[in-house]
Amino acid sequence: GVEIADQTMCGWMRQSAELLDPLYVRLKQFVLSSKVVGTDDTPVKVLDRNLKRATRKGRFWPYIGDRNHAAAVFDYTPTRERAGPEQFLKTYRGYLQADAYVAYDSFFTNPQRGLVEVACWAHTRRHFHQALDTDAARMGAVLAYIAHLYKVEKRARRSGIVGQDLRLLREQASQPVLEQLHQYLEKIHAEVLPKSEAGQAVSYALKNWAALTRYLEDGDLSIDNNHTERSLRGIAVGRRNWTFVGSDRGGKTMAVLQSFVASCELAKVDPLAWFQDVLSRIGKCSIQQLDSLLPHRWAAARP
């Protein structure tokens, strides 16, 4: 029944995030050692007393590791500028799966960056579904092709097919469908109005075709980026409750804490149990012992 001031509780959150910051750095290193990293972003209102409207938009960016690096690390930036992901991914080399946000374009056009683009079929499908009401016949046909691609992925999941076996399955079952779909898209591209929803959906798919078909190259690549989008659900639901972030510093605090909540969930660990144990021990932990506190290592050390 004790009433605790919001400012006091926010202070506790900030101090906890500061205490966990060295572990956050190790978590980031672990995720960026992945062969494939998925990323996305979502807006959040940030309180700014210097503005007449009181709030402005900041951004949360999740970065999700591959199946051998099952962890999530969040970053916060005051804007959606390219500098945010560019700085975060500065040392990363490998596959990057994301939507076709223009800020990423320079990452993939510069060969020295060592980043390979993997696009998302779920994101692409959404464009065609939105155009279904205005062009049911053509958009319905495209959606049928995409549905077939997902049936192949569903079959692989149910049968436990991964790695090289998955690559071969896609080569046999998905590649012919993709070739037919590409021919169909080129055919209807001249038939739809460029500025219509259907026209924009077709142009989007053709423009990003190389990245959309890259998942055929490697069984460790996913057909879509849904696992990354799911990591944003907590923030999307939370926005309705806490409405805004109090400051950019508060955004950084939330990014650190959310990283460990999401990583605990991926490691099938109770976040509360992890925080209770780690916050009580991290102050006495040496640098060499830090990795043992990461959620996946912490889980492995317990029955």
# chains A, B, ... in the order shown; residues from 1 in each chain; ligands from 1

$ residues_around --residues "Val202 in chain A" --least-positions-apart "2" --cutoff "8 Å" --atoms "only C-alpha atoms" --output "ChimeraX atom specification"
/A:128,185,189,198-200,204-206

$ write_last_selection --atoms "N, CA and C atoms" --output "CSV table (one decimal), in the first residue's frame"
chain,number,residue,atom,x,y,z
A,128,PHE,N,0.5,-5.9,-51.3
A,128,PHE,CA,-0.4,-6.6,-52.3
A,128,PHE,C,-1.8,-6.8,-51.6
A,185,LEU,N,4.7,-10.6,-62.4
A,185,LEU,CA,4.8,-9.2,-62.0
A,185,LEU,C,5.2,-8.3,-63.1
A,189,HIS,N,3.0,-5.3,-64.6
A,189,HIS,CA,3.6,-4.0,-64.3
A,189,HIS,C,3.2,-2.9,-65.3
A,198,ALA,N,-2.0,-0.9,-56.3
A,198,ALA,CA,-1.5,-2.1,-57.1
A,198,ALA,C,-0.2,-1.8,-57.8
A,199,GLY,N,-0.1,-0.7,-58.4
A,199,GLY,CA,1.1,-0.3,-59.1
A,199,GLY,C,2.3,-0.1,-58.2
A,200,GLN,N,2.1,0.5,-57.0
A,200,GLN,CA,3.2,0.6,-56.0
A,200,GLN,C,3.6,-0.7,-55.5
A,204,TYR,N,7.3,-2.1,-55.9
A,204,TYR,CA,8.1,-2.4,-54.7
A,204,TYR,C,8.7,-3.8,-54.8
A,205,ALA,N,8.0,-4.8,-55.2
A,205,ALA,CA,8.5,-6.1,-55.3
A,205,ALA,C,9.5,-6.3,-56.4
A,206,LEU,N,9.3,-5.7,-57.5
A,206,LEU,CA,10.3,-5.8,-58.6
A,206,LEU,C,11.6,-5.0,-58.2

$ select_by_dssp --residues "range 250-290 of chain A" --states "alpha helix (DSSP H)" --output "list of chain:residue names"
A:Gly250, A:Gly251, A:Lys252, A:Thr253, A:Met254, A:Ala255, A:Val256, A:Leu257, A:Gln258, A:Ser259, A:Phe260, A:Val261, A:Ala262, A:Ser263, A:Cys264, A:Glu265, A:Leu266, A:Pro271, A:Leu272, A:Ala273, A:Trp274, A:Phe275, A:Gln276, A:Asp277, A:Val278, A:Leu279, A:Ser280, A:Arg281

$ closest_residue --among "A:Gly11, A:Pro43, A:Pro295, A:Pro303" --to "Phe275 in chain A" --atoms "only C-alpha atoms"
A:Pro295

$ closest_atom_pairs --of "range 232-296 of chain A" --to "range 70-87 of chain A" --cutoff "12 Å" --atoms "only C-alpha atoms" --output "JSON lines"
{"residue": "A:Leu232", "atom": "CA", "partner": "A:Phe74", "partner_atom": "CA", "distance": 9.7}
{"residue": "A:Ile235", "atom": "CA", "partner": "A:Phe74", "partner_atom": "CA", "distance": 10.9}
{"residue": "A:Val245", "atom": "CA", "partner": "A:Tyr76", "partner_atom": "CA", "distance": 10.9}
{"residue": "A:Ser247", "atom": "CA", "partner": "A:Pro78", "partner_atom": "CA", "distance": 9.3}
{"residue": "A:Asp248", "atom": "CA", "partner": "A:Pro78", "partner_atom": "CA", "distance": 6.4}
{"residue": "A:Arg249", "atom": "CA", "partner": "A:Tyr76", "partner_atom": "CA", "distance": 9.2}
{"residue": "A:Gly250", "atom": "CA", "partner": "A:Tyr76", "partner_atom": "CA", "distance": 9.4}
{"residue": "A:Gly251", "atom": "CA", "partner": "A:Tyr76", "partner_atom": "CA", "distance": 5.8}
{"residue": "A:Lys252", "atom": "CA", "partner": "A:Tyr76", "partner_atom": "CA", "distance": 5.6}
{"residue": "A:Thr253", "atom": "CA", "partner": "A:Tyr76", "partner_atom": "CA", "distance": 8.9}
{"residue": "A:Met254", "atom": "CA", "partner": "A:Tyr76", "partner_atom": "CA", "distance": 8.2}
{"residue": "A:Ala255", "atom": "CA", "partner": "A:Phe74", "partner_atom": "CA", "distance": 5.0}
{"residue": "A:Val256", "atom": "CA", "partner": "A:Phe74", "partner_atom": "CA", "distance": 6.7}
{"residue": "A:Leu257", "atom": "CA", "partner": "A:Phe74", "partner_atom": "CA", "distance": 8.7}
{"residue": "A:Gln258", "atom": "CA", "partner": "A:Phe74", "partner_atom": "CA", "distance": 6.8}
{"residue": "A:Ser259", "atom": "CA", "partner": "A:Val73", "partner_atom": "CA", "distance": 4.5}
{"residue": "A:Phe260", "atom": "CA", "partner": "A:Val73", "partner_atom": "CA", "distance": 7.5}
{"residue": "A:Val261", "atom": "CA", "partner": "A:Ala72", "partner_atom": "CA", "distance": 8.8}
{"residue": "A:Ala262", "atom": "CA", "partner": "A:Ala72", "partner_atom": "CA", "distance": 6.0}
{"residue": "A:Ser263", "atom": "CA", "partner": "A:Ala71", "partner_atom": "CA", "distance": 4.6}
{"residue": "A:Cys264", "atom": "CA", "partner": "A:Ala71", "partner_atom": "CA", "distance": 7.8}
{"residue": "A:Glu265", "atom": "CA", "partner": "A:Ala71", "partner_atom": "CA", "distance": 8.7}
{"residue": "A:Leu266", "atom": "CA", "partner": "A:Ala70", "partner_atom": "CA", "distance": 6.2}
{"residue": "A:Ala267", "atom": "CA", "partner": "A:Ala70", "partner_atom": "CA", "distance": 6.9}
{"residue": "A:Lys268", "atom": "CA", "partner": "A:Ala70", "partner_atom": "CA", "distance": 10.3}
{"residue": "A:Val269", "atom": "CA", "partner": "A:Ala71", "partner_atom": "CA", "distance": 11.7}
{"residue": "A:Leu294", "atom": "CA", "partner": "A:Ala71", "partner_atom": "CA", "distance": 9.2}
{"residue": "A:Pro295", "atom": "CA", "partner": "A:Ala71", "partner_atom": "CA", "distance": 8.1}
{"residue": "A:His296", "atom": "CA", "partner": "A:Ala70", "partner_atom": "CA", "distance": 7.6}

$ residues_around --residues "Ile223 in chain A" --least-positions-apart "6" --cutoff "12 Å" --atoms "only C-alpha atoms" --output "PyMOL selection string"
chain A and resi 38+97-98+118-125+146-147+149-154+156+166-167+170+174+211-217

$ write_last_selection --atoms "N, CA and C atoms" --output "PDB file, in the first residue's frame"
ATOM      1  N   GLY A  38      18.354  -9.514 -37.831  1.00  0.00           N
ATOM      2  CA  GLY A  38      17.109  -8.885 -38.264  1.00  0.00           C
ATOM      3  C   GLY A  38      16.916  -7.572 -37.540  1.00  0.00           C
ATOM      4  N   GLN A  97      18.595  -8.482 -42.413  1.00  0.00           N
ATOM      5  CA  GLN A  97      17.222  -8.609 -42.903  1.00  0.00           C
ATOM      6  C   GLN A  97      16.383  -7.466 -42.350  1.00  0.00           C
ATOM      7  N   ALA A  98      15.762  -6.724 -43.252  1.00  0.00           N
ATOM      8  CA  ALA A  98      14.993  -5.545 -42.857  1.00  0.00           C
ATOM      9  C   ALA A  98      14.021  -5.194 -43.967  1.00  0.00           C
ATOM     10  N   VAL A 118      18.762  -8.837 -47.079  1.00  0.00           N
ATOM     11  CA  VAL A 118      17.724  -9.860 -47.168  1.00  0.00           C
ATOM     12  C   VAL A 118      16.395  -9.155 -46.906  1.00  0.00           C
ATOM     13  N   ALA A 119      15.486  -9.214 -47.856  1.00  0.00           N
ATOM     14  CA  ALA A 119      14.208  -8.516 -47.706  1.00  0.00           C
ATOM     15  C   ALA A 119      13.181  -9.418 -47.014  1.00  0.00           C
ATOM     16  N   CYS A 120      11.992  -8.880 -46.816  1.00  0.00           N
ATOM     17  CA  CYS A 120      10.950  -9.556 -46.033  1.00  0.00           C
ATOM     18  C   CYS A 120       9.704  -9.775 -46.898  1.00  0.00           C
ATOM     19  N   TRP A 121       9.329 -11.043 -47.080  1.00  0.00           N
ATOM     20  CA  TRP A 121       8.151 -11.335 -47.894  1.00  0.00           C
ATOM     21  C   TRP A 121       6.846 -10.966 -47.181  1.00  0.00           C
ATOM     22  N   ALA A 122       6.835 -10.998 -45.865  1.00  0.00           N
ATOM     23  CA  ALA A 122       5.622 -10.603 -45.138  1.00  0.00           C
ATOM     24  C   ALA A 122       5.331  -9.118 -45.361  1.00  0.00           C
ATOM     25  N   HIS A 123       6.392  -8.310 -45.338  1.00  0.00           N
ATOM     26  CA  HIS A 123       6.246  -6.872 -45.577  1.00  0.00           C
ATOM     27  C   HIS A 123       5.773  -6.627 -47.009  1.00  0.00           C
ATOM     28  N   THR A 124       6.335  -7.375 -47.953  1.00  0.00           N
ATOM     29  CA  THR A 124       5.955  -7.234 -49.362  1.00  0.00           C
ATOM     30  C   THR A 124       4.511  -7.673 -49.575  1.00  0.00           C
ATOM     31  N   ARG A 125       4.136  -8.773 -48.958  1.00  0.00           N
ATOM     32  CA  ARG A 125       2.778  -9.297 -49.085  1.00  0.00           C
ATOM     33  C   ARG A 125       1.753  -8.260 -48.626  1.00  0.00           C
ATOM     34  N   ILE A 146       2.486 -16.127 -53.326  1.00  0.00           N
ATOM     35  CA  ILE A 146       3.179 -15.936 -52.045  1.00  0.00           C
ATOM     36  C   ILE A 146       2.739 -16.988 -51.034  1.00  0.00           C
ATOM     37  N   ALA A 147       1.457 -17.335 -51.066  1.00  0.00           N
ATOM     38  CA  ALA A 147       0.949 -18.366 -50.158  1.00  0.00           C
ATOM     39  C   ALA A 147       1.659 -19.696 -50.404  1.00  0.00           C
ATOM     40  N   LEU A 149       4.725 -20.061 -51.448  1.00  0.00           N
ATOM     41  CA  LEU A 149       6.068 -19.935 -50.862  1.00  0.00           C
ATOM     42  C   LEU A 149       6.031 -20.234 -49.369  1.00  0.00           C
ATOM     43  N   TYR A 150       4.991 -19.744 -48.701  1.00  0.00           N
ATOM     44  CA  TYR A 150       4.869 -19.963 -47.255  1.00  0.00           C
ATOM     45  C   TYR A 150       4.507 -21.410 -46.928  1.00  0.00           C
ATOM     46  N   LYS A 151       3.821 -22.091 -47.838  1.00  0.00           N
ATOM     47  CA  LYS A 151       3.520 -23.509 -47.622  1.00  0.00           C
ATOM     48  C   LYS A 151       4.804 -24.331 -47.586  1.00  0.00           C
ATOM     49  N   VAL A 152       5.764 -23.951 -48.415  1.00  0.00           N
ATOM     50  CA  VAL A 152       7.062 -24.638 -48.414  1.00  0.00           C
ATOM     51  C   VAL A 152       7.757 -24.436 -47.069  1.00  0.00           C
ATOM     52  N   GLU A 153       7.711 -23.201 -46.554  1.00  0.00           N
ATOM     53  CA  GLU A 153       8.355 -22.907 -45.262  1.00  0.00           C
ATOM     54  C   GLU A 153       7.657 -23.652 -44.125  1.00  0.00           C
ATOM     55  N   LYS A 154       6.337 -23.748 -44.194  1.00  0.00           N
ATOM     56  CA  LYS A 154       5.570 -24.462 -43.173  1.00  0.00           C
ATOM     57  C   LYS A 154       5.915 -25.949 -43.182  1.00  0.00           C
ATOM     58  N   ALA A 156       8.729 -27.215 -44.118  1.00  0.00           N
ATOM     59  CA  ALA A 156      10.082 -27.359 -43.566  1.00  0.00           C
ATOM     60  C   ALA A 156      10.067 -27.302 -42.037  1.00  0.00           C
ATOM     61  N   LEU A 166      17.258 -27.441 -46.140  1.00  0.00           N
ATOM     62  CA  LEU A 166      16.251 -26.415 -46.400  1.00  0.00           C
ATOM     63  C   LEU A 166      16.579 -25.659 -47.682  1.00  0.00           C
ATOM     64  N   ARG A 167      17.848 -25.384 -47.892  1.00  0.00           N
ATOM     65  CA  ARG A 167      18.248 -24.689 -49.127  1.00  0.00           C
ATOM     66  C   ARG A 167      17.858 -25.520 -50.352  1.00  0.00           C
ATOM     67  N   ARG A 170      14.050 -25.448 -50.907  1.00  0.00           N
ATOM     68  CA  ARG A 170      13.641 -24.185 -51.517  1.00  0.00           C
ATOM     69  C   ARG A 170      14.011 -24.146 -52.996  1.00  0.00           C
ATOM     70  N   SER A 174      10.497 -23.781 -54.153  1.00  0.00           N
ATOM     71  CA  SER A 174      10.202 -22.346 -54.117  1.00  0.00           C
ATOM     72  C   SER A 174      10.730 -21.590 -55.327  1.00  0.00           C
ATOM     73  N   ALA A 211      16.846  -8.910 -53.258  1.00  0.00           N
ATOM     74  CA  ALA A 211      16.843  -9.093 -51.798  1.00  0.00           C
ATOM     75  C   ALA A 211      15.722 -10.040 -51.363  1.00  0.00           C
ATOM     76  N   LEU A 212      14.606 -10.019 -52.095  1.00  0.00           N
ATOM     77  CA  LEU A 212      13.476 -10.892 -51.755  1.00  0.00           C
ATOM     78  C   LEU A 212      13.777 -12.363 -52.045  1.00  0.00           C
ATOM     79  N   THR A 213      14.607 -12.617 -53.018  1.00  0.00           N
ATOM     80  CA  THR A 213      14.926 -14.009 -53.380  1.00  0.00           C
ATOM     81  C   THR A 213      16.233 -14.484 -52.750  1.00  0.00           C
ATOM     82  N   ARG A 214      16.871 -13.653 -51.974  1.00  0.00           N
ATOM     83  CA  ARG A 214      18.167 -14.036 -51.382  1.00  0.00           C
ATOM     84  C   ARG A 214      18.040 -15.178 -50.387  1.00  0.00           C
ATOM     85  N   TYR A 215      16.855 -15.332 -49.789  1.00  0.00           N
ATOM     86  CA  TYR A 215      16.694 -16.406 -48.813  1.00  0.00           C
ATOM     87  C   TYR A 215      16.872 -17.789 -49.427  1.00  0.00           C
ATOM     88  N   LEU A 216      16.841 -17.873 -50.782  1.00  0.00           N
ATOM     89  CA  LEU A 216      17.081 -19.144 -51.466  1.00  0.00           C
ATOM     90  C   LEU A 216      18.536 -19.590 -51.333  1.00  0.00           C
ATOM     91  N   GLU A 217      19.433 -18.631 -51.102  1.00  0.00           N
ATOM     92  CA  GLU A 217      20.868 -18.915 -51.103  1.00  0.00           C
ATOM     93  C   GLU A 217      21.335 -19.738 -49.916  1.00  0.00           C
TER      94      GLU A 217
END

$ select_by_dssp --residues "range 38-230 of chain A" --states "strand (DSSP E)" --output "ChimeraX atom specification"
/A:38-39,42-47,55-64,72-77,94-97,115-118

$ closest_residue --among "A:Leu168, A:Pro194, A:Gln289, A:Asn208" --to "His182 in chain A" --atoms "only C-alpha atoms"
A:Asn208

$ closest_residue --among "A:Ala210, A:Leu20, A:Leu32, A:Ala131" --to "Lys195 in chain A" --atoms "only C-alpha atoms"
A:Ala131

$ decode --residues "range 225-240 of chain A" --atoms "all heavy atoms" --output "compact mmCIF listing (two decimals), in the first residue's frame"
# COMPACT_ATOMS: atom_id res chain seq x y z
N ASN A 225 10.80 -11.26 -41.93
CA ASN A 225 11.40 -10.65 -40.75
C ASN A 225 10.41 -10.61 -39.58
O ASN A 225 10.50 -9.76 -38.70
CB ASN A 225 11.87 -9.22 -41.10
CG ASN A 225 12.94 -8.71 -40.15
OD1 ASN A 225 13.70 -9.47 -39.58
ND2 ASN A 225 13.00 -7.40 -39.99
N ASN A 226 9.46 -11.53 -39.58
CA ASN A 226 8.39 -11.50 -38.58
C ASN A 226 8.91 -11.65 -37.15
O ASN A 226 8.33 -11.09 -36.22
CB ASN A 226 7.36 -12.60 -38.87
CG ASN A 226 6.42 -12.22 -40.01
OD1 ASN A 226 6.43 -11.08 -40.46
ND2 ASN A 226 5.64 -13.17 -40.47
N HIS A 227 9.98 -12.42 -36.96
CA HIS A 227 10.51 -12.60 -35.61
C HIS A 227 11.00 -11.28 -35.03
O HIS A 227 10.90 -11.04 -33.83
CB HIS A 227 11.62 -13.65 -35.60
CG HIS A 227 12.81 -13.30 -36.44
ND1 HIS A 227 12.74 -13.18 -37.81
CD2 HIS A 227 14.09 -13.02 -36.10
CE1 HIS A 227 13.94 -12.86 -38.28
NE2 HIS A 227 14.77 -12.75 -37.27
N THR A 228 11.51 -10.40 -35.90
CA THR A 228 11.96 -9.08 -35.43
C THR A 228 10.76 -8.19 -35.13
O THR A 228 10.73 -7.49 -34.12
CB THR A 228 12.85 -8.41 -36.49
OG1 THR A 228 13.95 -9.28 -36.78
CG2 THR A 228 13.39 -7.09 -35.98
N GLU A 229 9.75 -8.23 -36.00
CA GLU A 229 8.54 -7.43 -35.77
C GLU A 229 7.85 -7.83 -34.47
O GLU A 229 7.30 -6.99 -33.77
CB GLU A 229 7.59 -7.55 -36.96
CG GLU A 229 8.13 -6.90 -38.22
CD GLU A 229 7.07 -6.77 -39.31
OE1 GLU A 229 5.88 -6.98 -39.00
OE2 GLU A 229 7.44 -6.44 -40.45
N ARG A 230 7.87 -9.13 -34.16
CA ARG A 230 7.25 -9.59 -32.91
C ARG A 230 7.94 -9.02 -31.69
O ARG A 230 7.31 -8.81 -30.65
CB ARG A 230 7.26 -11.12 -32.85
CG ARG A 230 6.20 -11.78 -33.70
CD ARG A 230 6.04 -13.25 -33.36
NE ARG A 230 7.23 -14.03 -33.68
CZ ARG A 230 7.45 -14.61 -34.86
NH1 ARG A 230 6.54 -14.50 -35.83
NH2 ARG A 230 8.54 -15.32 -35.08
N SER A 231 9.23 -8.75 -31.79
CA SER A 231 9.97 -8.21 -30.64
C SER A 231 9.51 -6.79 -30.29
O SER A 231 9.77 -6.31 -29.18
CB SER A 231 11.47 -8.21 -30.94
OG SER A 231 11.80 -7.24 -31.92
N LEU A 232 8.84 -6.13 -31.23
CA LEU A 232 8.36 -4.76 -31.00
C LEU A 232 6.98 -4.74 -30.36
O LEU A 232 6.47 -3.67 -30.02
CB LEU A 232 8.33 -3.98 -32.32
CG LEU A 232 9.69 -3.63 -32.91
CD1 LEU A 232 9.53 -3.10 -34.33
CD2 LEU A 232 10.40 -2.60 -32.04
N ARG A 233 6.36 -5.91 -30.22
CA ARG A 233 5.00 -5.95 -29.70
C ARG A 233 4.91 -5.35 -28.30
O ARG A 233 3.96 -4.63 -27.97
CB ARG A 233 4.48 -7.39 -29.70
CG ARG A 233 3.04 -7.51 -29.25
CD ARG A 233 2.55 -8.94 -29.34
NE ARG A 233 2.54 -9.42 -30.73
CZ ARG A 233 2.25 -10.66 -31.07
NH1 ARG A 233 1.98 -11.56 -30.15
NH2 ARG A 233 2.24 -11.02 -32.34
N GLY A 234 5.89 -5.66 -27.46
CA GLY A 234 5.87 -5.13 -26.09
C GLY A 234 5.87 -3.61 -26.06
O GLY A 234 5.15 -3.00 -25.26
N ILE A 235 6.66 -3.00 -26.93
CA ILE A 235 6.70 -1.54 -26.99
C ILE A 235 5.39 -1.00 -27.57
O ILE A 235 4.85 0.00 -27.07
CB ILE A 235 7.90 -1.08 -27.83
CG1 ILE A 235 9.20 -1.41 -27.08
CG2 ILE A 235 7.83 0.42 -28.11
CD1 ILE A 235 10.46 -1.09 -27.85
N ALA A 236 4.87 -1.65 -28.60
CA ALA A 236 3.62 -1.19 -29.22
C ALA A 236 2.46 -1.23 -28.23
O ALA A 236 1.65 -0.30 -28.15
CB ALA A 236 3.30 -2.05 -30.44
N VAL A 237 2.39 -2.31 -27.44
CA VAL A 237 1.33 -2.41 -26.43
C VAL A 237 1.61 -1.44 -25.28
O VAL A 237 0.70 -0.77 -24.77
CB VAL A 237 1.24 -3.85 -25.90
CG1 VAL A 237 0.28 -3.93 -24.72
CG2 VAL A 237 0.79 -4.80 -27.00
N GLY A 238 2.87 -1.31 -24.90
CA GLY A 238 3.24 -0.43 -23.79
C GLY A 238 2.92 1.03 -24.04
O GLY A 238 2.57 1.76 -23.12
N ARG A 239 3.03 1.44 -25.31
CA ARG A 239 2.77 2.85 -25.64
C ARG A 239 1.39 3.30 -25.17
O ARG A 239 1.18 4.47 -24.85
CB ARG A 239 2.89 3.07 -27.14
CG ARG A 239 4.31 3.26 -27.64
CD ARG A 239 4.33 3.73 -29.06
NE ARG A 239 3.69 2.81 -29.97
CZ ARG A 239 4.30 2.19 -30.98
NH1 ARG A 239 5.58 2.39 -31.20
NH2 ARG A 239 3.65 1.38 -31.77
N ARG A 240 0.43 2.38 -25.17
CA ARG A 240 -0.92 2.74 -24.75
C ARG A 240 -0.98 3.03 -23.25
O ARG A 240 -1.86 3.74 -22.78
CB ARG A 240 -1.88 1.59 -25.07
CG ARG A 240 -1.96 1.25 -26.56
CD ARG A 240 -2.82 0.02 -26.79
NE ARG A 240 -2.78 -0.41 -28.18
CZ ARG A 240 -3.34 -1.52 -28.63
NH1 ARG A 240 -3.99 -2.32 -27.78
NH2 ARG A 240 -3.26 -1.85 -29.90
